[in-house]
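> Structure file data_12.cif, mmCIF, C-alpha atoms and all ligand atoms, is pasted below:
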```
data_start
#
loop_
_atom_site.group_PDB
_atom_site.id
_atom_site.type_symbol
_atom_site.label_atom_id
_atom_site.label_comp_id
_atom_site.auth_asym_id
_atom_site.auth_seq_id
_atom_site.Cartn_x
_atom_site.Cartn_y
_atom_site.Cartn_z
ATOM 1 C CA MET A 1 106.043 -49.698 116.246
ATOM 2 C CA THR A 2 106.064 -49.968 120.041
ATOM 3 C CA ALA A 3 107.045 -53.455 121.195
ATOM 4 C CA PRO A 4 104.133 -55.338 122.812
ATOM 5 C CA ARG A 5 104.000 -55.480 126.610
ATOM 6 C CA THR A 6 101.075 -57.910 126.788
ATOM 7 C CA ALA A 7 99.998 -60.964 124.809
ATOM 8 C CA LEU A 8 97.221 -63.515 124.586
ATOM 9 C CA VAL A 9 98.294 -66.850 123.113
ATOM 10 C CA LEU A 10 95.685 -69.134 121.564
ATOM 11 C CA GLY A 11 97.252 -72.575 121.769
ATOM 12 C CA GLY A 12 99.445 -71.641 124.734
ATOM 13 C CA ASN A 13 101.390 -74.913 124.843
ATOM 14 C CA SER A 14 102.706 -74.525 121.283
ATOM 15 C CA ASP A 15 106.490 -74.829 120.899
ATOM 16 C CA ILE A 16 106.529 -71.991 118.367
ATOM 17 C CA ALA A 17 104.361 -69.731 120.551
ATOM 18 C CA LEU A 18 106.502 -70.308 123.663
ATOM 19 C CA ALA A 19 109.716 -69.658 121.700
ATOM 20 C CA THR A 20 108.110 -66.436 120.413
ATOM 21 C CA LEU A 21 107.220 -65.299 123.939
ATOM 22 C CA ARG A 22 110.809 -65.960 125.070
ATOM 23 C CA ARG A 23 112.082 -63.876 122.144
ATOM 24 C CA LEU A 24 109.603 -61.030 122.734
ATOM 25 C CA ALA A 25 110.400 -60.985 126.469
ATOM 26 C CA SER A 26 113.804 -59.553 125.523
ATOM 27 C CA ASP A 27 111.924 -56.634 123.871
ATOM 28 C CA GLY A 28 109.816 -55.911 126.973
ATOM 29 C CA LEU A 29 106.888 -58.357 126.887
ATOM 30 C CA ASP A 30 106.008 -58.801 130.548
ATOM 31 C CA ARG A 31 102.393 -60.057 130.892
ATOM 32 C CA VAL A 32 100.881 -62.994 129.050
ATOM 33 C CA VAL A 33 97.727 -65.089 129.090
ATOM 34 C CA LEU A 34 98.189 -68.600 127.744
ATOM 35 C CA ALA A 35 94.976 -70.250 126.566
ATOM 36 C CA ALA A 36 95.468 -74.006 126.346
ATOM 37 C CA ARG A 37 93.325 -77.117 126.285
ATOM 38 C CA ASP A 38 95.561 -79.075 128.698
ATOM 39 C CA ILE A 39 96.469 -76.633 131.440
ATOM 40 C CA ASP A 40 98.060 -79.278 133.685
ATOM 41 C CA ALA A 41 100.537 -80.203 130.953
ATOM 42 C CA LEU A 42 101.328 -76.526 130.361
ATOM 43 C CA GLU A 43 101.810 -75.830 134.092
ATOM 44 C CA ARG A 44 104.204 -78.779 134.362
ATOM 45 C CA ARG A 45 106.092 -77.558 131.311
ATOM 46 C CA LEU A 46 106.470 -74.006 132.612
ATOM 47 C CA GLU A 47 107.643 -75.283 135.984
ATOM 48 C CA ALA A 48 110.413 -77.172 134.191
ATOM 49 C CA GLU A 49 111.169 -74.371 131.684
ATOM 50 C CA PRO A 50 110.043 -70.983 133.100
ATOM 51 C CA LEU A 51 109.299 -68.179 130.636
ATOM 52 C CA SER A 52 111.120 -65.277 132.347
ATOM 53 C CA ILE A 53 107.992 -63.150 131.965
ATOM 54 C CA ALA A 54 106.733 -61.269 135.036
ATOM 55 C CA GLU A 55 103.058 -62.313 134.913
ATOM 56 C CA VAL A 56 101.909 -65.533 133.296
ATOM 57 C CA THR A 57 98.248 -66.579 133.528
ATOM 58 C CA ILE A 58 97.035 -69.922 132.211
ATOM 59 C CA VAL A 59 93.415 -70.290 131.124
ATOM 60 C CA ALA A 60 91.628 -73.476 130.035
ATOM 61 C CA TRP A 61 90.289 -73.031 126.531
ATOM 62 C CA ASP A 62 89.520 -75.204 123.515
ATOM 63 C CA THR A 63 89.206 -73.727 120.038
ATOM 64 C CA LEU A 64 86.348 -76.165 119.339
ATOM 65 C CA ASP A 65 84.197 -74.555 122.065
ATOM 66 C CA ALA A 66 82.862 -71.389 120.410
ATOM 67 C CA ALA A 67 81.037 -70.323 123.580
ATOM 68 C CA GLY A 68 84.412 -69.954 125.333
ATOM 69 C CA HIS A 69 85.924 -67.376 122.971
ATOM 70 C CA GLY A 70 84.156 -64.247 124.299
ATOM 71 C CA PRO A 71 84.834 -65.055 127.991
ATOM 72 C CA LEU A 72 88.500 -65.815 127.170
ATOM 73 C CA ILE A 73 88.994 -62.409 125.533
ATOM 74 C CA ASP A 74 87.273 -60.645 128.452
ATOM 75 C CA THR A 75 89.483 -62.498 130.952
ATOM 76 C CA ALA A 76 92.636 -61.747 128.962
ATOM 77 C CA ALA A 77 91.779 -58.038 128.602
ATOM 78 C CA GLU A 78 91.230 -57.795 132.360
ATOM 79 C CA GLU A 79 94.317 -59.804 133.376
ATOM 80 C CA LEU A 80 96.567 -57.943 130.924
ATOM 81 C CA GLY A 81 95.053 -54.479 131.324
ATOM 82 C CA GLY A 82 94.711 -54.337 127.516
ATOM 83 C CA ILE A 83 95.771 -56.838 124.849
ATOM 84 C CA ASP A 84 98.667 -55.650 122.648
ATOM 85 C CA LEU A 85 99.316 -58.911 120.806
ATOM 86 C CA VAL A 86 97.362 -62.079 120.020
ATOM 87 C CA ILE A 87 99.232 -65.116 118.708
ATOM 88 C CA CYS A 88 97.113 -67.853 117.156
ATOM 89 C CA ALA A 89 99.239 -71.020 117.312
ATOM 90 C CA VAL A 90 96.463 -73.605 117.420
ATOM 91 C CA GLY A 91 97.030 -76.462 115.047
ATOM 92 C CA SER A 92 96.845 -80.188 114.604
ATOM 93 C CA LEU A 93 98.846 -81.882 111.846
ATOM 94 C CA GLY A 94 97.070 -85.222 111.568
ATOM 95 C CA HIS A 95 100.002 -86.372 109.470
ATOM 96 C CA GLY A 96 99.152 -88.956 106.876
ATOM 97 C CA ALA A 97 95.441 -88.169 107.202
ATOM 98 C CA GLY A 98 94.866 -88.053 103.496
ATOM 99 C CA ILE A 99 92.647 -90.565 101.772
ATOM 100 C CA THR A 100 92.665 -92.765 104.907
ATOM 101 C CA ALA A 101 90.797 -90.135 106.976
ATOM 102 C CA THR A 102 87.269 -90.764 108.193
ATOM 103 C CA SER A 103 84.559 -88.123 107.957
ATOM 104 C CA ALA A 104 84.935 -87.590 111.731
ATOM 105 C CA SER A 105 88.719 -87.133 111.603
ATOM 106 C CA ALA A 106 88.389 -84.866 108.535
ATOM 107 C CA ASN A 107 85.893 -82.712 110.385
ATOM 108 C CA ALA A 108 88.115 -82.575 113.497
ATOM 109 C CA LEU A 109 91.120 -81.408 111.463
ATOM 110 C CA ILE A 110 89.132 -78.704 109.669
ATOM 111 C CA GLU A 111 87.663 -77.484 112.949
ATOM 112 C CA SER A 112 90.926 -77.350 114.888
ATOM 113 C CA ASN A 113 92.946 -75.788 112.054
ATOM 114 C CA PHE A 114 90.392 -73.516 110.407
ATOM 115 C CA SER A 115 86.860 -72.953 111.681
ATOM 116 C CA GLY A 116 87.805 -72.881 115.385
ATOM 117 C CA PRO A 117 90.702 -70.422 114.937
ATOM 118 C CA ALA A 118 88.662 -68.296 112.469
ATOM 119 C CA ALA A 119 85.814 -68.030 114.982
ATOM 120 C CA VAL A 120 87.985 -66.912 117.890
ATOM 121 C CA LEU A 121 90.002 -64.531 115.683
ATOM 122 C CA THR A 122 86.742 -62.894 114.614
ATOM 123 C CA ASP A 123 86.035 -62.017 118.256
ATOM 124 C CA VAL A 124 89.677 -60.997 118.772
ATOM 125 C CA ALA A 125 89.538 -58.652 115.765
ATOM 126 C CA HIS A 126 86.342 -56.957 116.998
ATOM 127 C CA HIS A 127 87.957 -56.424 120.399
ATOM 128 C CA LEU A 128 91.202 -54.963 119.025
ATOM 129 C CA VAL A 129 89.485 -52.734 116.439
ATOM 130 C CA GLU A 130 87.302 -51.317 119.198
ATOM 131 C CA ARG A 131 90.457 -50.668 121.228
ATOM 132 C CA GLY A 132 92.007 -48.983 118.183
ATOM 133 C CA ARG A 133 95.286 -50.916 118.247
ATOM 134 C CA GLY A 134 96.882 -54.306 118.499
ATOM 135 C CA THR A 135 98.621 -57.003 116.487
ATOM 136 C CA ILE A 136 97.369 -60.430 115.494
ATOM 137 C CA VAL A 137 99.885 -63.096 114.493
ATOM 138 C CA VAL A 138 98.371 -66.066 112.669
ATOM 139 C CA LEU A 139 100.432 -69.246 112.293
ATOM 140 C CA SER A 140 99.575 -70.433 108.814
ATOM 141 C CA SER A 141 101.901 -72.745 106.840
ATOM 142 C CA VAL A 142 103.367 -73.234 103.388
ATOM 143 C CA ALA A 143 101.095 -76.292 103.399
ATOM 144 C CA ALA A 144 98.327 -73.736 102.715
ATOM 145 C CA LEU A 145 99.906 -72.875 99.380
ATOM 146 C CA ARG A 146 99.539 -76.209 97.602
ATOM 147 C CA PRO A 147 97.822 -79.402 98.769
ATOM 148 C CA ARG A 148 99.845 -82.601 99.088
ATOM 149 C CA ARG A 149 98.263 -86.037 98.900
ATOM 150 C CA SER A 150 99.658 -87.031 102.313
ATOM 151 C CA ASN A 151 98.166 -84.128 104.241
ATOM 152 C CA TYR A 152 95.641 -82.292 102.085
ATOM 153 C CA LEU A 153 93.214 -82.089 105.009
ATOM 154 C CA TYR A 154 95.692 -80.072 107.092
ATOM 155 C CA GLY A 155 96.746 -78.129 103.975
ATOM 156 C CA SER A 156 93.201 -77.276 102.956
ATOM 157 C CA ALA A 157 92.312 -76.183 106.501
ATOM 158 C CA LYS A 158 95.434 -74.017 106.635
ATOM 159 C CA ALA A 159 94.518 -72.603 103.200
ATOM 160 C CA GLY A 160 91.168 -71.568 104.687
ATOM 161 C CA LEU A 161 92.833 -69.972 107.694
ATOM 162 C CA ASP A 162 95.460 -68.250 105.549
ATOM 163 C CA SER A 163 92.780 -66.796 103.276
ATOM 164 C CA PHE A 164 90.716 -65.738 106.301
ATOM 165 C CA ALA A 165 93.736 -63.984 107.838
ATOM 166 C CA LEU A 166 94.633 -62.158 104.609
ATOM 167 C CA GLY A 167 91.051 -60.938 104.241
ATOM 168 C CA LEU A 168 90.975 -59.911 107.892
ATOM 169 C CA ALA A 169 94.219 -57.964 107.422
ATOM 170 C CA ASP A 170 92.580 -55.992 104.606
ATOM 171 C CA ALA A 171 89.358 -55.524 106.576
ATOM 172 C CA VAL A 172 91.160 -53.954 109.557
ATOM 173 C CA ALA A 173 93.616 -51.839 107.523
ATOM 174 C CA GLY A 174 93.612 -48.288 108.878
ATOM 175 C CA SER A 175 92.064 -49.292 112.211
ATOM 176 C CA GLY A 176 95.379 -49.461 114.079
ATOM 177 C CA VAL A 177 95.310 -53.275 113.996
ATOM 178 C CA GLN A 178 97.793 -55.380 111.998
ATOM 179 C CA VAL A 179 97.479 -59.050 111.042
ATOM 180 C CA HIS A 180 100.734 -60.844 110.278
ATOM 181 C CA VAL A 181 100.370 -64.142 108.413
ATOM 182 C CA ILE A 182 103.300 -66.453 109.174
ATOM 183 C CA ARG A 183 103.972 -69.318 106.772
ATOM 184 C CA PRO A 184 106.669 -71.618 108.110
ATOM 185 C CA GLY A 185 107.826 -74.708 106.278
ATOM 186 C CA PHE A 186 108.683 -77.778 108.327
ATOM 187 C CA VAL A 187 109.507 -76.794 111.928
ATOM 188 C CA THR A 188 111.077 -79.211 114.409
ATOM 189 C CA SER A 189 108.470 -79.020 117.177
ATOM 190 C CA LYS A 190 106.228 -81.440 119.045
ATOM 191 C CA MET A 191 103.828 -81.264 116.101
ATOM 192 C CA THR A 192 106.427 -82.910 113.842
ATOM 193 C CA THR A 193 107.978 -85.314 116.362
ATOM 194 C CA GLY A 194 109.017 -88.521 114.602
ATOM 195 C CA LEU A 195 108.780 -87.064 111.072
ATOM 196 C CA ARG A 196 111.750 -86.790 108.736
ATOM 197 C CA PRO A 197 112.543 -83.058 108.352
ATOM 198 C CA ALA A 198 111.608 -81.574 104.971
ATOM 199 C CA PRO A 199 114.077 -79.453 102.965
ATOM 200 C CA PHE A 200 114.525 -75.974 104.494
ATOM 201 C CA ALA A 201 113.372 -77.208 107.912
ATOM 202 C CA SER A 202 113.618 -74.601 110.656
ATOM 203 C CA THR A 203 113.205 -74.316 114.409
ATOM 204 C CA PRO A 204 110.677 -72.655 116.737
ATOM 205 C CA GLU A 205 113.398 -70.096 117.550
ATOM 206 C CA ALA A 206 113.815 -69.196 113.861
ATOM 207 C CA VAL A 207 110.048 -68.694 113.524
ATOM 208 C CA ALA A 208 110.112 -66.606 116.713
ATOM 209 C CA GLU A 209 112.813 -64.360 115.256
ATOM 210 C CA ALA A 210 110.779 -63.861 112.065
ATOM 211 C CA ILE A 211 107.693 -62.977 114.125
ATOM 212 C CA ALA A 212 109.715 -60.513 116.244
ATOM 213 C CA ASP A 213 110.909 -58.882 113.021
ATOM 214 C CA ALA A 214 107.325 -58.622 111.671
ATOM 215 C CA MET A 215 106.292 -57.002 114.976
ATOM 216 C CA THR A 216 108.375 -53.937 114.064
ATOM 217 C CA SER A 217 106.029 -53.228 111.119
ATOM 218 C CA ALA A 218 102.966 -51.005 111.404
ATOM 219 C CA LYS A 219 101.544 -52.729 108.323
ATOM 220 C CA SER A 220 100.221 -56.281 107.994
ATOM 221 C CA ARG A 221 102.836 -58.663 106.637
ATOM 222 C CA ILE A 222 103.115 -62.099 105.065
ATOM 223 C CA VAL A 223 106.223 -63.879 106.336
ATOM 224 C CA HIS A 224 107.730 -67.146 105.051
ATOM 225 C CA VAL A 225 110.145 -69.010 107.314
ATOM 226 C CA PRO A 226 112.793 -69.421 106.065
ATOM 227 C CA ARG A 227 112.398 -66.504 103.661
ATOM 228 C CA VAL A 228 113.448 -68.556 100.615
ATOM 229 C CA LEU A 229 110.148 -70.479 100.817
ATOM 230 C CA GLY A 230 108.292 -67.391 99.523
ATOM 231 C CA PRO A 231 109.881 -67.367 96.042
ATOM 232 C CA LEU A 232 110.191 -71.163 96.038
ATOM 233 C CA PHE A 233 106.451 -71.709 96.571
ATOM 234 C CA ALA A 234 105.621 -68.987 94.044
ATOM 235 C CA VAL A 235 107.193 -71.376 91.532
ATOM 236 C CA LEU A 236 105.958 -74.630 93.106
ATOM 237 C CA ARG A 237 102.349 -73.418 92.971
ATOM 238 C CA LEU A 238 102.634 -73.222 89.194
ATOM 239 C CA THR A 239 104.425 -76.545 88.732
ATOM 240 C CA PRO A 240 102.373 -79.013 86.651
ATOM 241 C CA ARG A 241 100.449 -81.431 88.896
ATOM 242 C CA ALA A 242 102.179 -84.596 87.708
ATOM 243 C CA ILE A 243 105.550 -83.071 88.635
ATOM 244 C CA TRP A 244 104.201 -81.697 91.924
ATOM 245 C CA ARG A 245 102.902 -85.164 92.882
ATOM 246 C CA ARG A 246 106.404 -86.557 92.365
ATOM 247 C CA ILE A 247 108.118 -83.705 94.255
ATOM 248 C CA ALA A 248 105.696 -83.834 97.185
ATOM 249 C CA GLY A 249 105.657 -87.643 97.327
ATOM 250 C CA ASP A 250 104.219 -88.963 100.575
ATOM 251 C CA ARG A 251 105.857 -86.320 102.697
HETATM 252 N N1 LIG B 301 105.656 -77.550 113.290
HETATM 253 C C1 LIG B 301 105.552 -77.279 112.001
HETATM 254 O O1 LIG B 301 106.207 -77.919 111.141
HETATM 255 C C2 LIG B 301 104.657 -76.164 111.542
HETATM 256 C C3 LIG B 301 104.834 -75.691 110.231
HETATM 257 C C4 LIG B 301 104.000 -74.678 109.768
HETATM 258 C C5 LIG B 301 103.015 -74.163 110.588
HETATM 259 N N2 LIG B 301 102.873 -74.653 111.853
HETATM 260 C C6 LIG B 301 101.790 -74.110 112.663
HETATM 261 O O2 LIG B 301 102.341 -73.425 113.772
HETATM 262 C C7 LIG B 301 101.416 -73.485 114.873
HETATM 263 C C8 LIG B 301 102.141 -73.956 116.117
HETATM 264 O O3 LIG B 301 102.643 -75.265 115.874
HETATM 265 P P1 LIG B 301 103.856 -75.899 116.720
HETATM 266 O O4 LIG B 301 104.861 -76.335 115.733
HETATM 267 O O5 LIG B 301 104.244 -74.991 117.834
HETATM 268 O O6 LIG B 301 103.183 -77.239 117.239
HETATM 269 P P2 LIG B 301 102.572 -77.575 118.683
HETATM 270 O O7 LIG B 301 103.612 -77.385 119.725
HETATM 271 O O8 LIG B 301 101.960 -78.920 118.538
HETATM 272 O O9 LIG B 301 101.449 -76.453 118.868
HETATM 273 C C9 LIG B 301 100.126 -76.576 118.411
HETATM 274 C C10 LIG B 301 99.234 -76.237 119.579
HETATM 275 O O10 LIG B 301 97.855 -76.249 119.181
HETATM 276 C C11 LIG B 301 97.120 -76.735 120.284
HETATM 277 N N3 LIG B 301 95.806 -77.212 119.904
HETATM 278 C C12 LIG B 301 95.480 -78.176 119.000
HETATM 279 N N4 LIG B 301 94.149 -78.344 118.958
HETATM 280 C C13 LIG B 301 93.623 -77.470 119.862
HETATM 281 C C14 LIG B 301 92.301 -77.192 120.284
HETATM 282 N N5 LIG B 301 91.244 -77.845 119.790
HETATM 283 N N6 LIG B 301 92.108 -76.204 121.215
HETATM 284 C C15 LIG B 301 93.170 -75.548 121.741
HETATM 285 N N7 LIG B 301 94.470 -75.791 121.398
HETATM 286 C C16 LIG B 301 94.679 -76.748 120.462
HETATM 287 C C17 LIG B 301 97.990 -77.880 120.804
HETATM 288 O O11 LIG B 301 97.578 -78.226 122.118
HETATM 289 P P3 LIG B 301 98.292 -79.440 122.939
HETATM 290 O O12 LIG B 301 99.590 -78.867 123.414
HETATM 291 O O13 LIG B 301 97.318 -79.713 124.012
HETATM 292 O O14 LIG B 301 98.468 -80.562 121.949
HETATM 293 C C18 LIG B 301 99.380 -77.258 120.721
HETATM 294 O O15 LIG B 301 99.726 -76.592 121.902
HETATM 295 C C19 LIG B 301 100.287 -74.394 114.417
HETATM 296 O O16 LIG B 301 99.205 -73.620 113.953
HETATM 297 C C20 LIG B 301 100.894 -75.163 113.258
HETATM 298 O O17 LIG B 301 99.898 -75.610 112.354
HETATM 299 C C21 LIG B 301 103.680 -75.625 112.353
#
```
Would it be possible to restate this file's structure as structure tokens?


Amino acid sequence: MTAPRTALVLGGNSDIALATLRRLASDGLDRVVLAARDIDALERRLEAEPLSIAEVTIVAWDTLDAAGHGPLIDTAAEELGGIDLVICAVGSLGHGAGITATSASANALIESNFSGPAAVLTDVAHHLVERGRGTIVVLSSVAALRPRRSNYLYGSAKAGLDSFALGLADAVAGSGVQVHVIRPGFVTSKMTTGLRPAPFASTPEAVAEAIADAMTSAKSRIVHVPRVLGPLFAVLRLTPRAIWRRIAGDR
């Protein structure tokens, strides 16, 4: 696989996405469009910690605004001269939003973690299939694999996105487009600030390395970070519920 030269990032202020861009820059990535809902915050961040990428364009975009998806892809295609890679790093943890959630907060979590990303990725997939090549990286989570009482809203939304991405990967097979589904465990990022790290916690840089490795594959991949979480969750998914409730606790 040829390393990507250009990338569109959905959720451009994500710690994991920015670590991934830094990692891919060493393989030749040199033009990026960062789509973010708070562009002032992202500009300030990049002034303080530049990306070392030749051309960086920041575009205001919110995954909840479906009318903005088409124009964003058109802008990115023009700015980049062709989109090689799309990273979907949008997400909102809403930690603790289990039984205490309201209908409004439940809806917001489902929209920002599932229906919003699925809508924009639908447009992205059409664009890349028409181009005949490209890679989509979807940040899912091991939370998608089994709901926990403390964050089943996030987990169920991620389960929807994970399932969407796996189906999309099959739908575009043979078109020249790959969809890599990345399932990290706990990652120390701004999303998890203040939370006690879970077992097998990793870093944005470790996730970035796993994504860079997946990028070498011409076939769609499912990647757990760290790798041990793949076999571990294969077992945990089958664990009786009473035991699972005790293992998962209120984490
Ligand atoms: N950290 C973890 O433990 C972990 C584990 C597994 C999977 N993941 C997934 O990895 C991805 C990246 O997470 P991260 O750890 O890098 O956390 P992060 O830095 O908080 O990144 C998440 C990004 O999503 C953006 N976002 C949220 N709602 C949005 C909306 N409505 N429209 C546009 N952008 C929106 C946030 O924007 P703002 O910057 O404006 O808040 C933020 O930049 C997420 O999908 C997350 O679910 C994270």

> Kindly indicate which residue among A:Gly185, A:Gly11, A:Pro50, A:Pro147 lies nearest to Val90 of chain A, using all atoms listed in the file for the distances.

A:Gly11

> Kindly give the distance, in Å, that separates atom CA of Met1 of chain A and atom CA of Leu72 of chain A, rounded to a single decimal.

26.2 Å

> Give me, please, the distance in Å between atom CA of Trp244 of chain A and atom CA of Arg146 of chain A, quoted to one decimal.

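So the answer is 9.2 Å.
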
> Which is closest to His126 of chain A among A:Thr239, A:Thr193, A:Ser140, A:Ser175, if we use all atoms listed in the file?

A:Ser175

> Let me know the residues the PyMOL selection byres (((chain A and resi 198-214) around 8) and not hetatm) catches in the file above, as an MDAnalysis selection string.

chainID A and resid 15:17 19:21 23:24 137 180 182 184:189 196:197 215:217 221 223 225:226 229 251

> Export C-alpha atoms of the chosen residues as a compact mmCIF listing (two decimals), in the coordinates of the input?


```txt
# COMPACT_ATOMS: atom_id res chain seq x y z
CA ASP A 15 106.49 -74.83 120.90
CA ILE A 16 106.53 -71.99 118.37
CA ALA A 17 104.36 -69.73 120.55
CA ALA A 19 109.72 -69.66 121.70
CA THR A 20 108.11 -66.44 120.41
CA LEU A 21 107.22 -65.30 123.94
CA ARG A 23 112.08 -63.88 122.14
CA LEU A 24 109.60 -61.03 122.73
CA VAL A 137 99.88 -63.10 114.49
CA HIS A 180 100.73 -60.84 110.28
CA ILE A 182 103.30 -66.45 109.17
CA PRO A 184 106.67 -71.62 108.11
CA GLY A 185 107.83 -74.71 106.28
CA PHE A 186 108.68 -77.78 108.33
CA VAL A 187 109.51 -76.79 111.93
CA THR A 188 111.08 -79.21 114.41
CA SER A 189 108.47 -79.02 117.18
CA ARG A 196 111.75 -86.79 108.74
CA PRO A 197 112.54 -83.06 108.35
CA MET A 215 106.29 -57.00 114.98
CA THR A 216 108.38 -53.94 114.06
CA SER A 217 106.03 -53.23 111.12
CA ARG A 221 102.84 -58.66 106.64
CA VAL A 223 106.22 -63.88 106.34
CA VAL A 225 110.14 -69.01 107.31
CA PRO A 226 112.79 -69.42 106.06
CA LEU A 229 110.15 -70.48 100.82
CA ARG A 251 105.86 -86.32 102.70
```

> Could you write out as a PyMOL selection string the residues that the PyMOL selection byres (((chain A and resi 129-136) around 12) and not hetatm) matches in the shown file?

chain A and resi 1-10+77+81-89+120-128+137-139+165-166+168-169+171-182+211-212+214-221

> My list of candidates is A:Leu145, A:Leu232, A:Leu109, A:Met191. Which is closest to ligand LIG 301 (chain B) when distances are computed with only C-alpha atoms and all ligand atoms?

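Closest candidate: A:Met191.
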
> Exactly which residues make up the result of the PyMOL selection byres (((chain A and resi 40-46) around 10) and not hetatm) on this file, given as a PyMOL selection string?

chain A and resi 12-14+18+34-39+47-52+56-58+60

> So how many Å separate atom CA of Val59 of chain A and atom CA of Leu80 of chain A, to one decimal?

12.7 Å

> Which is closest to ligand LIG 301 (chain B) among A:Ser115, A:Ser141, A:Asn151, A:Ser103, if we use all atoms listed in the file?

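Closest residue, counting all atoms listed in the file: A:Ser141.
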
> Got a sec to check which residues sit within 12 Å of (87.1, -77.9, 109.7), counting only C-alpha atoms, and write them as a VMD selection string?

chain A and resid 63 to 64 91 to 92 103 to 119 153 to 161

> Counting only C-alpha atoms and all ligand atoms, which residue out of A:Pro71, A:Gly28, A:Gly230, A:Gly94 sits closest to ligand LIG 301 (chain B)?

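Using only C-alpha atoms and all ligand atoms, the shortest distance to ligand LIG 301 (chain B) belongs to A:Gly94.
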
> From the list A:Asp170, A:Asp30, A:Glu78, A:Asp65, which residue is nearest ligand LIG 301 (chain B) when using all atoms listed in the file?

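Using all atoms listed in the file, the shortest distance to ligand LIG 301 (chain B) belongs to A:Asp65.
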
> Around all the atoms of ligand LIG 301 (chain B) listed in the file, draw an axis-aligned box and extend it by 8 Å on each of the six sides; I want its centre and edge lengths in Å to one decimal, as lines of an AutoDock Vina configuration file.


```
center_x = 98.7
center_y = -77.0
center_z = 116.9
size_x = 31.0
size_y = 23.1
size_z = 30.2
```
